[in-house]
Amino acid sequence: MAKVRVETTVNGEPAEFLCEPHESLLAALRDALGLTGTKEGCTTGDCGACSVILNGRLVPSCLVLAPEVQGQTITTIEGIADGERLHPVQQKFLEHAALQCGVCTPGFIVAAKVLLDANPSPTEEETRYWLAGNLCRCTGYDKIIRAVLDAAAQMREASAQTREASAQMTEVSV
């Protein structure tokens with residue numbers, strides 16, 4: 001069978017790769033593009049370890065065919081940080097020790113980012129519900145939930161400070 005040429009945007013950069021028509025996005029990310037942060041857990045879409053953001057939606061990359069991402073935009077765990085500066089969710093996972101073996105961690109972080117982008121003030125119940133599609137076999141979920149809620153609080157505070165500074169700049173220029 002002939003390979004398929006796919007052009008897409010991954011983590012804000014143009015990307016091109018060849019893949020089999022039946023190859024998963026997970027396999028293409030890891031094997032063709034060398035982005036090994038996205039982990040293979042179950043290959044059935046049940047564990048969340050391979051979660052990526054496809055056109056703004058959280059998806060299990062093991063269930064997306066690689067040729068389907070032609071012209072699409074993908075964000076993986078490697079694209080969550082801002083250069084050397086960790087995303088608040090990543091930083092809070094470290095601070096709260098919300099990881100053990102690390103297989104589930106990239107999926108949790110990607111899922112948490114999507115949650116906080118959509119809802120900057122989730123309740124604990126909303127956070128638990130949103131992350132229910134991500135499974136951890138090593139530990140309980142309390143540290144993970146605390147890390148996400150702490151990141152949400154930090155992001156809200158930073159956003160408020162930015163709005164306040166912007167308002168002060170507007171007053172000065174008027």
# chains A, B, ... in the order shown; residues from 1 in each chain; ligands from 1

call {"tool": "closest_atom_pairs", "arguments": {"of": "stretch 94-120 of chain A", "to": "stretch 141-144 of chain A", "cutoff": "9 Å", "atoms": "only C-alpha atoms", "output": "JSON lines"}}
result
{"residue": "A:His96", "atom": "CA", "partner": "A:Lys143", "partner_atom": "CA", "distance": 6.0}
{"residue": "A:Ala97", "atom": "CA", "partner": "A:Lys143", "partner_atom": "CA", "distance": 6.9}
{"residue": "A:Ala98", "atom": "CA", "partner": "A:Ile144", "partner_atom": "CA", "distance": 4.8}
{"residue": "A:Leu99", "atom": "CA", "partner": "A:Ile144", "partner_atom": "CA", "distance": 7.6}
{"residue": "A:Phe108", "atom": "CA", "partner": "A:Ile144", "partner_atom": "CA", "distance": 8.1}

call {"tool": "write_last_selection", "arguments": {"atoms": "N, CA and C atoms", "output": "JSON list (two decimals), in the first residue's frame"}}
result
[["chain", "number", "residue", "atom", "x", "y", "z"],
["A", 96, "HIS", "N", 2.69, 19.97, 43.05],
["A", 96, "HIS", "CA", 1.80, 19.11, 43.82],
["A", 96, "HIS", "C", 2.20, 17.63, 43.76],
["A", 97, "ALA", "N", 3.30, 17.34, 43.07],
["A", 97, "ALA", "CA", 3.74, 15.95, 42.88],
["A", 97, "ALA", "C", 2.59, 15.10, 42.35],
["A", 98, "ALA", "N", 1.92, 15.62, 41.31],
["A", 98, "ALA", "CA", 0.73, 14.99, 40.76],
["A", 98, "ALA", "C", 1.08, 14.00, 39.65],
["A", 99, "LEU", "N", 2.15, 13.25, 39.87],
["A", 99, "LEU", "CA", 2.56, 12.26, 38.89],
["A", 99, "LEU", "C", 3.38, 11.19, 39.57],
["A", 108, "PHE", "N", -3.25, 13.99, 31.00],
["A", 108, "PHE", "CA", -3.91, 14.80, 32.03],
["A", 108, "PHE", "C", -3.63, 16.29, 31.81]]

call {"tool": "residues_around", "arguments": {"residues": "stretch 46-48 of chain A", "least_positions_apart": "5", "cutoff": "8 Å", "atoms": "only C-alpha atoms", "output": "ChimeraX atom specification"}}
result
/A:41,60,104,107-108,133-136

call {"tool": "write_last_selection", "arguments": {"atoms": "N, CA and C atoms", "output": "compact mmCIF listing (two decimals), in the first residue's frame"}}
result
# COMPACT_ATOMS: atom_id res chain seq x y z
N GLY A 41 -1.29 4.28 25.80
CA GLY A 41 -1.76 3.56 26.97
C GLY A 41 -2.55 2.33 26.58
N PRO A 60 -8.49 11.55 21.65
CA PRO A 60 -7.49 10.51 21.86
C PRO A 60 -6.80 10.24 20.52
N CYS A 104 0.49 8.63 32.22
CA CYS A 104 -0.78 9.35 32.09
C CYS A 104 -0.61 10.87 32.13
N GLY A 107 -1.36 13.27 29.04
CA GLY A 107 -2.78 13.30 28.73
C GLY A 107 -3.57 14.13 29.72
N PHE A 108 -3.25 13.99 31.00
CA PHE A 108 -3.91 14.80 32.03
C PHE A 108 -3.63 16.29 31.81
N GLY A 133 -12.05 10.90 31.77
CA GLY A 133 -11.59 10.12 30.63
C GLY A 133 -10.10 9.81 30.68
N ASN A 134 -9.41 10.30 31.69
CA ASN A 134 -7.98 10.05 31.85
C ASN A 134 -7.79 9.13 33.05
N LEU A 135 -7.11 8.03 32.82
CA LEU A 135 -6.90 7.05 33.87
C LEU A 135 -5.45 7.03 34.33
N CYS A 136 -5.28 6.88 35.63
CA CYS A 136 -3.96 6.74 36.23
C CYS A 136 -3.94 5.42 36.97

call {"tool": "select_by_dssp", "arguments": {"residues": "stretch 12-174 of chain A", "states": "strand (DSSP E or B)", "output": "PyMOL selection string"}}
result
chain A and resi 13-19+24+51-54+57-60+65+73-75+82+85

call {"tool": "closest_residue", "arguments": {"among": "A:Cys62, A:Val6, A:Leu33, A:Cys101", "to": "A:Cys50", "atoms": "only C-alpha atoms"}}
result
A:Cys62

call {"tool": "select_by_dssp", "arguments": {"residues": "stretch 28-153 of chain A", "states": "alpha helix (DSSP H)", "output": "VMD selection string"}}
result
chain A and resid 88 to 95 105 to 118 124 to 130 142 to 153

call {"tool": "atom_distance", "arguments": {"atom1": "atom CA of A:Gln70", "atom2": "atom CA of A:Thr38"}}
result
19.1 Å

call {"tool": "residues_around", "arguments": {"residues": "stretch 145-157 of chain A", "least_positions_apart": "4", "cutoff": "12 Å", "atoms": "only C-alpha atoms", "output": "number ranges by chain"}}
result
A: 86-99, 105, 108-132, 134, 140-141, 161-164

call {"tool": "closest_residue", "arguments": {"among": "A:Asn55, A:Ser166, A:Ser61, A:Thr75", "to": "A:Ala27", "atoms": "only C-alpha atoms"}}
result
A:Ser61

call {"tool": "residues_around", "arguments": {"residues": "A:Leu29", "least_positions_apart": "6", "cutoff": "12 Å", "atoms": "only C-alpha atoms", "output": "ChimeraX atom specification"}}
result
/A:6,8-11,15-19,23,35-40,50-52,61-62,64-67,69,74-78

call {"tool": "write_last_selection", "arguments": {"atoms": "C-alpha atoms", "output": "tab-separated table (two decimals), in the first residue's frame"}}
result
chain	number	residue	atom	x	y	z
A	6	VAL	CA	0.15	14.65	5.25
A	8	THR	CA	-0.50	19.79	9.05
A	9	THR	CA	0.38	22.23	11.82
A	10	VAL	CA	1.80	20.72	14.99
A	11	ASN	CA	2.48	22.88	18.03
A	15	ALA	CA	4.72	19.70	9.74
A	16	GLU	CA	4.80	17.13	6.99
A	17	PHE	CA	5.04	13.36	7.23
A	18	LEU	CA	4.35	10.13	5.38
A	19	CYS	CA	2.09	7.51	6.92
A	23	GLU	CA	-1.89	4.54	10.82
A	35	LEU	CA	7.07	13.76	19.39
A	36	THR	CA	7.23	11.07	22.05
A	37	GLY	CA	5.58	13.04	24.84
A	38	THR	CA	2.18	11.72	23.79
A	39	LYS	CA	1.98	8.27	25.38
A	40	GLU	CA	0.37	5.04	24.24
A	50	CYS	CA	-2.56	9.89	24.17
A	51	SER	CA	-4.77	12.98	24.40
A	52	VAL	CA	-3.96	15.83	22.03
A	61	SER	CA	-4.81	10.38	19.16
A	62	CYS	CA	-4.97	6.58	19.08
A	64	VAL	CA	-7.68	9.43	14.88
A	65	LEU	CA	-6.27	8.23	11.59
A	66	ALA	CA	-3.13	10.14	10.68
A	67	PRO	CA	-4.35	11.00	7.16
A	69	VAL	CA	-5.21	15.53	10.10
A	74	ILE	CA	-2.64	19.76	16.48
A	75	THR	CA	-1.23	20.61	19.89
A	76	THR	CA	0.64	17.93	21.81
A	77	ILE	CA	2.15	17.99	25.28
A	78	GLU	CA	5.32	19.39	23.67

call {"tool": "closest_residue", "arguments": {"among": "A:Pro106, A:Gly45, A:Pro14, A:Pro21", "to": "A:Ala81", "atoms": "only C-alpha atoms"}}
result
A:Pro106

call {"tool": "decode", "arguments": {"residues": "stretch 32-165 of chain A", "atoms": "C-alpha atoms", "output": "short mmCIF file (atom, residue, chain, number, x, y, z; two decimals), in the first residue's frame"}}
result
data_model
loop_
_atom_site.label_atom_id
_atom_site.label_comp_id
_atom_site.auth_asym_id
_atom_site.auth_seq_id
_atom_site.Cartn_x
_atom_site.Cartn_y
_atom_site.Cartn_z
CA ALA A 32 7.22 10.11 11.98
CA LEU A 33 7.54 13.38 13.89
CA GLY A 34 9.52 12.22 16.92
CA LEU A 35 7.07 13.76 19.39
CA THR A 36 7.23 11.07 22.05
CA GLY A 37 5.58 13.04 24.84
CA THR A 38 2.18 11.72 23.79
CA LYS A 39 1.98 8.27 25.38
CA GLU A 40 0.37 5.04 24.24
CA GLY A 41 -1.76 3.56 26.97
CA CYS A 42 -4.62 1.42 25.75
CA THR A 43 -4.93 2.08 21.96
CA THR A 44 -8.72 1.92 22.39
CA GLY A 45 -9.43 5.52 23.43
CA ASP A 46 -10.25 4.57 27.01
CA CYS A 47 -7.29 5.84 29.07
CA GLY A 48 -6.54 9.39 27.86
CA ALA A 49 -2.75 8.95 27.86
CA CYS A 50 -2.56 9.89 24.17
CA SER A 51 -4.77 12.98 24.40
CA VAL A 52 -3.96 15.83 22.03
CA ILE A 53 -5.77 18.98 20.96
CA LEU A 54 -7.06 18.75 17.39
CA ASN A 55 -8.55 22.02 16.11
CA GLY A 56 -9.29 23.08 19.68
CA ARG A 57 -10.92 19.78 20.70
CA LEU A 58 -9.52 17.18 23.07
CA VAL A 59 -9.16 13.86 21.23
CA PRO A 60 -7.49 10.51 21.86
CA SER A 61 -4.81 10.38 19.16
CA CYS A 62 -4.97 6.58 19.08
CA LEU A 63 -8.46 6.82 17.54
CA VAL A 64 -7.68 9.43 14.88
CA LEU A 65 -6.27 8.23 11.59
CA ALA A 66 -3.13 10.14 10.68
CA PRO A 67 -4.35 11.00 7.16
CA GLU A 68 -7.39 12.71 8.72
CA VAL A 69 -5.21 15.53 10.10
CA GLN A 70 -4.38 16.87 6.64
CA GLY A 71 -4.61 20.66 6.95
CA GLN A 72 -5.60 20.48 10.63
CA THR A 73 -4.00 22.01 13.73
CA ILE A 74 -2.64 19.76 16.48
CA THR A 75 -1.23 20.61 19.89
CA THR A 76 0.64 17.93 21.81
CA ILE A 77 2.15 17.99 25.28
CA GLU A 78 5.32 19.39 23.67
CA GLY A 79 3.34 22.45 22.56
CA ILE A 80 1.80 23.30 25.93
CA ALA A 81 4.80 25.13 27.41
CA ASP A 82 5.79 28.57 26.18
CA GLY A 83 9.39 27.93 25.19
CA GLU A 84 11.28 27.22 28.40
CA ARG A 85 8.42 28.55 30.56
CA LEU A 86 6.08 25.80 31.72
CA HIS A 87 2.33 26.22 31.38
CA PRO A 88 0.76 26.78 34.82
CA VAL A 89 -0.80 23.29 34.70
CA GLN A 90 2.62 21.74 34.10
CA GLN A 91 4.16 23.79 36.90
CA LYS A 92 1.40 22.88 39.35
CA PHE A 93 1.72 19.16 38.49
CA LEU A 94 5.34 19.43 39.59
CA GLU A 95 4.58 21.47 42.72
CA HIS A 96 1.80 19.11 43.82
CA ALA A 97 3.74 15.95 42.88
CA ALA A 98 0.73 14.99 40.76
CA LEU A 99 2.56 12.26 38.89
CA GLN A 100 4.29 8.97 39.44
CA CYS A 101 5.31 6.82 36.48
CA GLY A 102 4.43 9.60 34.01
CA VAL A 103 2.52 7.60 31.37
CA CYS A 104 -0.78 9.35 32.09
CA THR A 105 0.69 12.78 32.89
CA PRO A 106 0.84 14.25 29.35
CA GLY A 107 -2.78 13.30 28.73
CA PHE A 108 -3.91 14.80 32.03
CA ILE A 109 -2.03 18.04 31.34
CA VAL A 110 -3.42 18.39 27.81
CA ALA A 111 -6.96 17.64 29.05
CA ALA A 112 -6.59 20.12 31.93
CA LYS A 113 -5.42 22.83 29.53
CA VAL A 114 -8.50 22.33 27.35
CA LEU A 115 -10.71 22.46 30.45
CA LEU A 116 -9.14 25.69 31.73
CA ASP A 117 -9.25 27.30 28.29
CA ALA A 118 -13.00 26.65 28.20
CA ASN A 119 -13.73 27.20 31.89
CA PRO A 120 -11.21 29.27 33.87
CA SER A 121 -13.10 28.69 37.14
CA PRO A 122 -14.07 25.02 37.28
CA THR A 123 -15.37 23.52 40.49
CA GLU A 124 -13.76 20.39 41.88
CA GLU A 125 -16.72 18.38 40.62
CA GLU A 126 -16.44 19.85 37.12
CA THR A 127 -12.71 19.16 37.09
CA ARG A 128 -13.19 15.54 38.18
CA TYR A 129 -15.91 15.07 35.57
CA TRP A 130 -13.77 16.59 32.79
CA LEU A 131 -10.74 14.47 33.66
CA ALA A 132 -12.76 11.25 34.09
CA GLY A 133 -11.59 10.12 30.63
CA ASN A 134 -7.98 10.05 31.85
CA LEU A 135 -6.90 7.05 33.87
CA CYS A 136 -3.96 6.74 36.23
CA ARG A 137 -2.87 3.30 37.31
CA CYS A 138 -0.30 4.47 39.89
CA THR A 139 -1.96 6.87 42.25
CA GLY A 140 -5.15 8.50 43.39
CA TYR A 141 -6.47 11.53 41.62
CA ASP A 142 -6.51 14.02 44.51
CA LYS A 143 -3.08 15.53 43.78
CA ILE A 144 -3.99 15.84 40.09
CA ILE A 145 -7.26 17.62 40.88
CA ARG A 146 -5.54 19.94 43.38
CA ALA A 147 -2.87 20.77 40.80
CA VAL A 148 -5.47 21.66 38.15
CA LEU A 149 -7.52 23.78 40.55
CA ASP A 150 -4.37 25.55 41.77
CA ALA A 151 -3.34 26.23 38.16
CA ALA A 152 -6.81 27.64 37.47
CA ALA A 153 -6.49 30.01 40.43
CA GLN A 154 -3.02 31.13 39.32
CA MET A 155 -4.22 31.71 35.75
CA ARG A 156 -7.24 33.72 36.95
CA GLU A 157 -4.97 35.86 39.14
CA ALA A 158 -2.55 36.48 36.26
CA SER A 159 -5.45 37.38 33.99
CA ALA A 160 -6.83 39.84 36.55
CA GLN A 161 -3.42 41.46 36.93
CA THR A 162 -3.13 41.81 33.15
CA ARG A 163 -6.59 43.42 32.94
CA GLU A 164 -5.71 45.79 35.78
CA ALA A 165 -2.43 46.81 34.14
#
